[in-house]
$ cat input-v5.txt   # compact mmCIF, C-alpha atoms
# COMPACT_ATOMS: atom_id res chain seq x y z
CA MET W 379 -21.33 -3.47 12.95
CA CYS W 380 -19.41 -4.93 15.84
CA GLY W 381 -21.76 -5.93 18.65
CA ARG W 382 -19.69 -8.55 20.51
CA TYR W 383 -16.02 -9.32 20.76
CA VAL W 384 -13.48 -11.30 22.78
CA SER W 385 -10.89 -9.79 25.10
CA THR W 386 -9.00 -12.24 27.29
CA ARG W 387 -5.49 -10.81 27.59
CA GLY W 388 -4.54 -9.57 31.03
CA PRO W 389 -3.21 -6.09 31.86
CA ARG W 390 0.43 -7.15 32.20
CA GLU W 391 0.45 -8.60 28.71
CA LEU W 392 -1.33 -5.55 27.27
CA VAL W 393 1.12 -3.20 28.99
CA ARG W 394 3.96 -5.03 27.25
CA LEU W 395 2.29 -5.32 23.85
CA PHE W 396 1.31 -1.65 23.63
CA GLY W 397 4.20 0.03 25.44
CA VAL W 398 2.02 1.34 28.26
CA THR W 399 3.84 3.42 30.87
CA ASP W 400 0.96 4.32 33.20
CA TRP W 401 -1.61 1.93 34.62
CA ASN W 402 -3.33 1.37 37.92
CA ARG W 403 -2.52 -2.13 39.16
CA GLN W 404 -5.74 -2.10 41.16
CA ASP W 405 -7.78 -1.98 37.94
CA ALA W 406 -8.88 -5.49 37.10
CA LEU W 407 -11.09 -6.96 34.40
CA GLU W 408 -11.80 -10.64 34.05
CA PRO W 409 -11.09 -12.34 30.70
CA ASN W 410 -14.22 -11.95 28.61
CA TRP W 411 -15.23 -14.27 25.75
CA ASN W 412 -18.52 -12.43 25.17
CA VAL W 413 -17.91 -8.70 25.51
CA ALA W 414 -21.26 -6.93 25.13
CA PRO W 415 -22.37 -3.29 25.02
CA THR W 416 -22.09 -1.48 28.39
CA ASP W 417 -19.38 -3.91 29.57
CA ASP W 418 -16.14 -2.47 30.88
CA VAL W 419 -13.26 -3.09 28.46
CA TRP W 420 -9.54 -2.42 28.35
CA ALA W 421 -8.45 0.65 26.38
CA VAL W 422 -5.03 2.05 25.50
CA LEU W 423 -4.90 5.84 25.29
CA GLU W 424 -2.57 8.80 25.72
CA ARG W 425 -3.39 11.85 27.82
CA ALA W 426 -1.94 14.18 30.43
CA PRO W 427 -3.04 13.86 34.07
CA ARG W 428 -5.72 16.19 35.38
CA GLY W 429 -4.14 19.40 36.56
CA GLY W 430 -1.32 19.22 34.01
CA GLY W 431 1.80 17.20 33.39
CA ASP W 432 3.35 15.07 30.68
CA VAL W 433 1.27 12.92 28.36
CA THR W 434 1.57 9.22 29.19
CA ARG W 435 0.38 6.06 27.50
CA GLN W 436 -2.25 4.54 29.75
CA LEU W 437 -4.16 1.30 30.10
CA ARG W 438 -7.53 1.81 31.72
CA PRO W 439 -11.03 0.33 31.74
CA LEU W 440 -13.76 2.16 29.82
CA ARG W 441 -17.44 1.32 29.41
CA TRP W 442 -18.30 0.20 25.87
CA GLY W 443 -20.96 2.52 24.43
CA LEU W 444 -19.98 6.15 24.02
CA VAL W 445 -21.87 8.77 26.02
CA PRO W 446 -21.17 12.27 24.62
CA SER W 447 -20.22 14.92 27.15
CA TRP W 448 -23.38 16.86 26.29
CA ALA W 449 -25.77 13.92 26.75
CA LYS W 450 -28.54 14.40 29.32
CA ASP W 451 -28.14 10.84 30.61
CA THR W 452 -26.22 7.65 29.92
CA GLY W 453 -28.99 6.01 27.89
CA THR W 454 -27.35 6.89 24.58
CA GLY W 455 -24.35 4.69 25.32
CA ALA W 456 -25.90 1.36 24.36
CA ARG W 457 -26.76 2.82 20.93
CA MET W 458 -23.28 4.22 20.26
CA ILE W 459 -21.09 1.15 20.43
CA ASN W 460 -19.90 1.75 16.85
CA ALA W 461 -18.87 4.76 14.75
CA ARG W 462 -18.73 4.40 10.97
CA VAL W 463 -15.33 5.36 9.56
CA GLU W 464 -17.01 7.12 6.64
CA THR W 465 -18.70 9.70 8.89
CA VAL W 466 -16.89 9.57 12.23
CA GLN W 467 -15.29 13.00 11.78
CA GLU W 468 -18.67 14.60 10.99
CA LYS W 469 -21.22 13.15 13.41
CA PRO W 470 -21.86 15.45 16.42
CA ALA W 471 -21.51 12.55 18.86
CA PHE W 472 -18.04 11.62 17.62
CA ARG W 473 -16.32 14.54 15.88
CA ARG W 474 -14.77 16.15 18.96
CA ALA W 475 -13.54 12.83 20.33
CA PHE W 476 -12.14 12.06 16.87
CA LEU W 477 -9.89 15.11 17.17
CA GLU W 478 -9.03 14.89 20.86
CA ARG W 479 -9.78 11.49 22.42
CA ARG W 480 -8.70 8.44 20.45
CA CYS W 481 -7.89 5.00 21.81
CA LEU W 482 -7.14 1.40 20.94
CA LEU W 483 -9.34 -1.43 22.18
CA PRO W 484 -7.43 -4.74 22.36
CA ALA W 485 -9.35 -7.77 21.13
CA ASP W 486 -8.67 -11.44 20.42
CA GLY W 487 -11.33 -11.35 17.73
CA PHE W 488 -14.98 -10.50 17.19
CA TYR W 489 -18.32 -12.13 16.41
CA GLU W 490 -20.65 -11.63 13.48
CA TRP W 491 -23.89 -13.37 12.58
CA GLN W 492 -25.55 -14.74 9.46
CA PRO W 493 -29.31 -15.30 9.31
CA VAL W 494 -30.35 -18.89 8.70
CA PRO W 495 -33.88 -19.38 7.34
CA ALA W 496 -36.25 -21.92 8.82
CA ALA W 497 -35.96 -25.50 7.55
CA VAL W 498 -37.88 -28.71 8.09
CA ARG W 499 -36.29 -29.41 11.47
CA THR W 500 -34.97 -26.03 12.52
CA ARG W 501 -36.36 -22.60 13.25
CA ALA W 502 -35.02 -19.45 11.67
CA HIS W 503 -32.05 -18.25 13.68
CA LYS W 504 -28.76 -16.38 13.49
CA GLN W 505 -25.55 -18.39 13.26
CA PRO W 506 -22.60 -16.73 15.04
CA TYR W 507 -19.06 -16.82 13.67
CA PHE W 508 -15.83 -15.98 15.46
CA ILE W 509 -13.45 -13.93 13.33
CA SER W 510 -9.82 -13.49 14.39
CA PRO W 511 -6.27 -13.13 13.01
CA GLU W 512 -4.82 -16.39 11.71
CA ASP W 513 -1.58 -15.76 13.58
CA GLY W 514 -3.36 -15.27 16.91
CA ARG W 515 -2.04 -11.74 17.43
CA VAL W 516 -4.04 -9.19 19.36
CA MET W 517 -6.23 -6.86 17.29
CA ALA W 518 -5.87 -3.14 18.08
CA LEU W 519 -9.34 -1.83 17.29
CA ALA W 520 -9.51 1.89 16.55
CA GLY W 521 -11.76 3.63 19.02
CA LEU W 522 -12.80 6.92 20.57
CA TYR W 523 -13.46 7.75 24.22
CA GLU W 524 -15.38 10.39 26.12
CA PHE W 525 -15.99 11.60 29.67
CA TRP W 526 -19.51 12.30 30.91
CA ARG W 527 -20.18 14.29 34.07
CA ASP W 528 -23.02 12.96 36.20
CA PRO W 529 -25.03 16.01 37.36
CA ALA W 530 -26.49 13.97 40.24
CA VAL W 531 -23.07 13.87 41.94
CA PRO W 532 -22.40 17.35 43.36
CA GLU W 533 -18.65 17.01 43.93
CA GLY W 534 -16.55 16.72 40.78
CA ASP W 535 -13.91 14.57 42.47
CA ALA W 536 -16.37 12.23 44.18
CA PRO W 537 -16.62 8.58 43.11
CA GLY W 538 -19.08 8.20 40.26
CA ALA W 539 -18.89 11.86 39.22
CA TRP W 540 -17.36 10.95 35.85
CA LEU W 541 -18.16 8.13 33.46
CA ALA W 542 -15.56 7.15 30.85
CA THR W 543 -16.97 5.44 27.76
CA CYS W 544 -15.78 4.34 24.31
CA THR W 545 -16.88 3.32 20.84
CA ILE W 546 -15.36 1.11 18.12
CA ILE W 547 -14.81 2.45 14.60
CA THR W 548 -16.11 0.14 11.86
CA THR W 549 -15.31 -0.17 8.16
CA ASP W 550 -16.17 -2.29 5.12
CA ALA W 551 -15.37 -5.92 5.80
CA THR W 552 -12.35 -7.43 4.08
CA ASP W 553 -10.79 -10.86 3.76
CA ALA W 554 -12.83 -13.74 5.18
CA ALA W 555 -14.94 -11.41 7.32
CA GLY W 556 -16.60 -10.03 4.20
CA ARG W 557 -18.22 -13.40 3.53
CA ILE W 558 -20.08 -13.19 6.83
CA HIS W 559 -21.03 -9.52 7.25
CA PRO W 560 -20.49 -6.31 5.21
CA ARG W 561 -18.99 -4.41 8.19
CA MET W 562 -16.19 -5.13 10.63
CA PRO W 563 -14.24 -3.33 13.38
CA LEU W 564 -11.27 -1.41 12.05
CA ALA W 565 -7.98 -2.75 13.42
CA LEU W 566 -4.91 -0.50 13.15
CA ALA W 567 -1.53 -1.79 12.04
CA PRO W 568 1.35 -1.26 14.50
CA ASP W 569 2.95 1.44 12.36
CA ARG W 570 -0.20 3.60 12.65
CA GLN W 571 -0.97 3.15 16.32
CA ASP W 572 1.39 5.81 17.72
CA ALA W 573 0.02 8.51 15.43
CA TRP W 574 -3.57 7.50 16.22
CA LEU W 575 -3.02 7.72 19.97
CA ASP W 576 -1.02 10.98 19.97
CA PRO W 577 -3.37 13.69 21.32
CA ALA W 578 -1.24 16.36 19.65
CA HIS W 579 -2.37 15.12 16.22
CA ARG W 580 -5.55 17.05 15.43
CA ASP W 581 -5.50 17.36 11.66
CA PRO W 582 -8.74 15.62 10.57
CA VAL W 583 -7.39 14.84 7.10
CA ARG W 584 -4.27 13.11 8.42
CA LEU W 585 -6.22 11.32 11.11
CA ARG W 586 -8.72 10.06 8.58
CA ALA W 587 -5.85 8.83 6.40
CA LEU W 588 -4.76 6.54 9.24
CA LEU W 589 -8.09 4.72 8.85
CA ASP W 590 -7.94 4.23 5.10
CA SER W 591 -7.32 0.51 5.37
CA PRO W 592 -7.58 -2.07 8.17
CA ALA W 593 -4.49 -3.76 9.53
CA GLY W 594 -2.98 -6.32 7.18
CA GLY W 595 -2.97 -10.03 7.80
CA HIS W 596 -5.42 -12.80 7.15
CA LEU W 597 -8.52 -13.40 9.19
CA THR W 598 -9.91 -16.80 9.98
CA VAL W 599 -13.62 -17.50 10.43
CA ARG W 600 -15.27 -20.39 12.22
CA PRO W 601 -18.88 -21.08 13.23
CA VAL W 602 -19.41 -21.23 16.99
CA SER W 603 -22.24 -22.13 19.31
CA THR W 604 -25.41 -20.05 19.38
CA ALA W 605 -24.74 -19.80 23.13
CA VAL W 606 -22.88 -16.61 22.16
CA ASN W 607 -26.24 -15.05 21.39
CA ASP W 608 -27.03 -14.82 25.11
CA VAL W 609 -24.85 -12.19 26.83
CA ARG W 610 -25.12 -14.16 30.07
CA ASN W 611 -22.99 -16.94 28.59
CA ASN W 612 -19.22 -16.67 28.85
CA GLY W 613 -16.10 -18.82 28.89
CA ALA W 614 -13.56 -20.25 26.46
CA ARG W 615 -16.04 -22.90 25.30
CA LEU W 616 -17.83 -20.20 23.30
CA LEU W 617 -14.94 -20.32 20.80
CA ASP W 618 -15.22 -24.05 20.16
CA PRO W 619 -15.98 -24.68 16.48
CA VAL W 620 -19.33 -26.25 15.64
CA GLU W 621 -21.12 -27.51 12.56
CA PRO W 622 -23.53 -24.74 11.53
CA GLN W 623 -27.16 -25.80 11.40
CA ALA W 624 -28.52 -25.99 7.90
$ encode --input "input-v5.txt" --output "structure tokens"
Amino acid sequence: MCGRYVSTRGPRELVRLFGVTDWNRQDALEPNWNVAPTDDVWAVLERAPRGGGDVTRQLRPLRWGLVPSWAKDTGTGARMINARVETVQEKPAFRRAFLERRCLLPADGFYEWQPVPAAVRTRAHKQPYFISPEDGRVMALAGLYEFWRDPAVPEGDAPGAWLATCTIITTDATDAAGRIHPRMPLALAPDRQDAWLDPAHRDPVRLRALLDSPAGGHLTVRPVSTAVNDVRNNGARLLDPVEPQA
């Protein structure tokens, strides 16, 4: 699974990297070295404005943890941060978004953990590792997004009436990531991103084919401080390499 990741690039850089044509300059997210479930994250998506109009490529913040439109409350979101690629087109929580609401979630890299058994001088713990592209390029994680209508807000256009959420699609781990954890977020190669984002593409077989293999390129893995384990910790120091405890 993917339970934490890093997203530090600002909106101007993401607009350039992903060819975004529509974004609200008032939207602002701080660089985040410890993105956790229910955090707001940057997402790239394509959709037409409400009321009609041309489809545009947008950059907008979404809350990580998908809340299906039919959910009674937002509590399901924290449990739906990931969608398995093997079943994403079948699960009730994801199958409609898979056909109609797909996005990319930019990331510098992601964290995974390995259990470390207790030793003479150390307690049992989980050692975090930061996994990222060797060339430092941004990862475009395949994702889905949804809109949830809050029934407690009577007016549909009132602030807080709609909650926009997302989930990350995961796959079998490859390259160096596979030595740390059997699963990893699925990053899309540039030549597949346009087709993934296009809301006119609704053929489940062709969409699933876009997810057959993660983006190419080599991943690098380094152990980092267990400070990552606490969601309250943040900052570039979390990426400093450490000697893992034996």
$ closest_atom_pairs --input "input-v5.txt" --of "stretch 430-503 of chain W" --to "stretch 542-547 of chain W" --cutoff "12 Å" --atoms "only C-alpha atoms" --output "tab-separated table"
residue	atom	partner	partner_atom	distance
W:Arg438	CA	W:Ala542	CA	9.7
W:Pro439	CA	W:Ala542	CA	8.2
W:Leu440	CA	W:Thr543	CA	5.0
W:Arg441	CA	W:Thr543	CA	4.5
W:Trp442	CA	W:Cys544	CA	5.1
W:Gly443	CA	W:Cys544	CA	5.5
W:Leu444	CA	W:Cys544	CA	4.6
W:Val445	CA	W:Thr543	CA	6.2
W:Pro446	CA	W:Thr543	CA	8.6
W:Ser447	CA	W:Ala542	CA	9.8
W:Thr452	CA	W:Thr543	CA	9.8
W:Thr454	CA	W:Thr543	CA	11.0
W:Gly455	CA	W:Thr543	CA	7.8
W:Ala456	CA	W:Thr545	CA	9.9
W:Arg457	CA	W:Thr545	CA	9.9
W:Met458	CA	W:Thr545	CA	6.5
W:Ile459	CA	W:Thr545	CA	4.8
W:Asn460	CA	W:Ile546	CA	4.8
W:Ala461	CA	W:Ile547	CA	4.7
W:Arg462	CA	W:Ile547	CA	5.7
W:Val463	CA	W:Ile547	CA	5.8
W:Glu464	CA	W:Ile547	CA	9.5
W:Thr465	CA	W:Ile547	CA	10.0
W:Val466	CA	W:Ile547	CA	7.8
W:Gln467	CA	W:Ile547	CA	10.9
W:Ala471	CA	W:Thr545	CA	10.5
W:Phe472	CA	W:Thr545	CA	9.0
W:Ala475	CA	W:Cys544	CA	9.6
W:Phe476	CA	W:Ile547	CA	10.2
W:Arg479	CA	W:Cys544	CA	9.5
W:Arg480	CA	W:Cys544	CA	9.0
W:Cys481	CA	W:Cys544	CA	8.3
W:Leu482	CA	W:Ile546	CA	8.7
W:Leu483	CA	W:Ile546	CA	7.7
W:Pro484	CA	W:Ile546	CA	10.7
W:Ala485	CA	W:Ile546	CA	11.1
W:Phe488	CA	W:Ile546	CA	11.7
$ closest_residue --input "input-v5.txt" --among "W:Ala565, W:Cys380, W:Val419, W:Leu437" --to "W:Thr399" --atoms "all atoms listed in the file"
W:Leu437
$ closest_residue --input "input-v5.txt" --among "W:Ser510, W:Ser385, W:His503, W:Phe396" --to "W:Pro568" --atoms "only C-alpha atoms"
W:Phe396
$ atom_distance --input "input-v5.txt" --atom1 "atom CA of W:Arg435" --atom2 "atom CA of W:Asp400"
6.0 Å
$ residues_around --input "input-v5.txt" --residues "stretch 582-589 of chain W" --least-positions-apart "3" --cutoff "7 Å" --atoms "all atoms listed in the file" --output "tab-separated table (two decimals) with C-alpha atoms, in the frame of the given file"
chain	number	residue	atom	x	y	z
W	477	LEU	CA	-9.89	15.11	17.17
W	570	ARG	CA	-0.20	3.60	12.65
W	574	TRP	CA	-3.57	7.50	16.22
W	592	PRO	CA	-7.58	-2.07	8.17
$ residues_near_point --input "input-v5.txt" --point "(-21.1, -20.3, 21.0)" --cutoff "12 Å" --atoms "only C-alpha atoms" --output "ChimeraX atom specification"
/W:382,384,411-412,489-491,504-508,600-622
$ write_last_selection --input "input-v5.txt" --atoms "C-alpha atoms" --output "PDB file, keeping the file's coordinate frame"
ATOM      1  CA  ARG W 382     -19.690  -8.550  20.510  1.00  0.00           C
ATOM      2  CA  VAL W 384     -13.480 -11.300  22.780  1.00  0.00           C
ATOM      3  CA  TRP W 411     -15.230 -14.270  25.750  1.00  0.00           C
ATOM      4  CA  ASN W 412     -18.520 -12.430  25.170  1.00  0.00           C
ATOM      5  CA  TYR W 489     -18.320 -12.130  16.410  1.00  0.00           C
ATOM      6  CA  GLU W 490     -20.650 -11.630  13.480  1.00  0.00           C
ATOM      7  CA  TRP W 491     -23.890 -13.370  12.580  1.00  0.00           C
ATOM      8  CA  LYS W 504     -28.760 -16.380  13.490  1.00  0.00           C
ATOM      9  CA  GLN W 505     -25.550 -18.390  13.260  1.00  0.00           C
ATOM     10  CA  PRO W 506     -22.600 -16.730  15.040  1.00  0.00           C
ATOM     11  CA  TYR W 507     -19.060 -16.820  13.670  1.00  0.00           C
ATOM     12  CA  PHE W 508     -15.830 -15.980  15.460  1.00  0.00           C
ATOM     13  CA  ARG W 600     -15.270 -20.390  12.220  1.00  0.00           C
ATOM     14  CA  PRO W 601     -18.880 -21.080  13.230  1.00  0.00           C
ATOM     15  CA  VAL W 602     -19.410 -21.230  16.990  1.00  0.00           C
ATOM     16  CA  SER W 603     -22.240 -22.130  19.310  1.00  0.00           C
ATOM     17  CA  THR W 604     -25.410 -20.050  19.380  1.00  0.00           C
ATOM     18  CA  ALA W 605     -24.740 -19.800  23.130  1.00  0.00           C
ATOM     19  CA  VAL W 606     -22.880 -16.610  22.160  1.00  0.00           C
ATOM     20  CA  ASN W 607     -26.240 -15.050  21.390  1.00  0.00           C
ATOM     21  CA  ASP W 608     -27.030 -14.820  25.110  1.00  0.00           C
ATOM     22  CA  VAL W 609     -24.850 -12.190  26.830  1.00  0.00           C
ATOM     23  CA  ARG W 610     -25.120 -14.160  30.070  1.00  0.00           C
ATOM     24  CA  ASN W 611     -22.990 -16.940  28.590  1.00  0.00           C
ATOM     25  CA  ASN W 612     -19.220 -16.670  28.850  1.00  0.00           C
ATOM     26  CA  GLY W 613     -16.100 -18.820  28.890  1.00  0.00           C
ATOM     27  CA  ALA W 614     -13.560 -20.250  26.460  1.00  0.00           C
ATOM     28  CA  ARG W 615     -16.040 -22.900  25.300  1.00  0.00           C
ATOM     29  CA  LEU W 616     -17.830 -20.200  23.300  1.00  0.00           C
ATOM     30  CA  LEU W 617     -14.940 -20.320  20.800  1.00  0.00           C
ATOM     31  CA  ASP W 618     -15.220 -24.050  20.160  1.00  0.00           C
ATOM     32  CA  PRO W 619     -15.980 -24.680  16.480  1.00  0.00           C
ATOM     33  CA  VAL W 620     -19.330 -26.250  15.640  1.00  0.00           C
ATOM     34  CA  GLU W 621     -21.120 -27.510  12.560  1.00  0.00           C
ATOM     35  CA  PRO W 622     -23.530 -24.740  11.530  1.00  0.00           C
TER      36      PRO W 622
END
$ atom_distance --input "input-v5.txt" --atom1 "atom CA of W:Gly594" --atom2 "atom CA of W:Asp553"
9.7 Å
$ closest_residue --input "input-v5.txt" --among "W:Gly381, W:Val494, W:Glu408, W:Glu391" --to "W:Arg561" --atoms "all atoms listed in the file"
W:Gly381
$ atom_distance --input "input-v5.txt" --atom1 "atom CA of W:Val531" --atom2 "atom CA of W:Gly430"
23.8 Å
$ closest_residue --input "input-v5.txt" --among "W:Lys450, W:Arg515, W:Arg403, W:Arg557" --to "W:Ala593" --atoms "only C-alpha atoms"
W:Arg515
$ closest_residue --input "input-v5.txt" --among "W:Thr549, W:Ala554, W:Asp576, W:Pro427" --to "W:Ser591" --atoms "all atoms listed in the file"
W:Thr549
$ residues_around --input "input-v5.txt" --residues "W:Val398" --least-positions-apart "2" --cutoff "10 Å" --atoms "only C-alpha atoms" --output "list of chain:residue names"
W:Pro389, W:Arg390, W:Leu392, W:Val393, W:Arg394, W:Leu395, W:Phe396, W:Asp400, W:Trp401, W:Val422, W:Leu423, W:Glu424, W:Thr434, W:Arg435, W:Gln436, W:Leu437
$ closest_residue --input "input-v5.txt" --among "W:Arg387, W:Arg428, W:Lys469, W:His579" --to "W:Leu407" --atoms "all atoms listed in the file"
W:Arg387
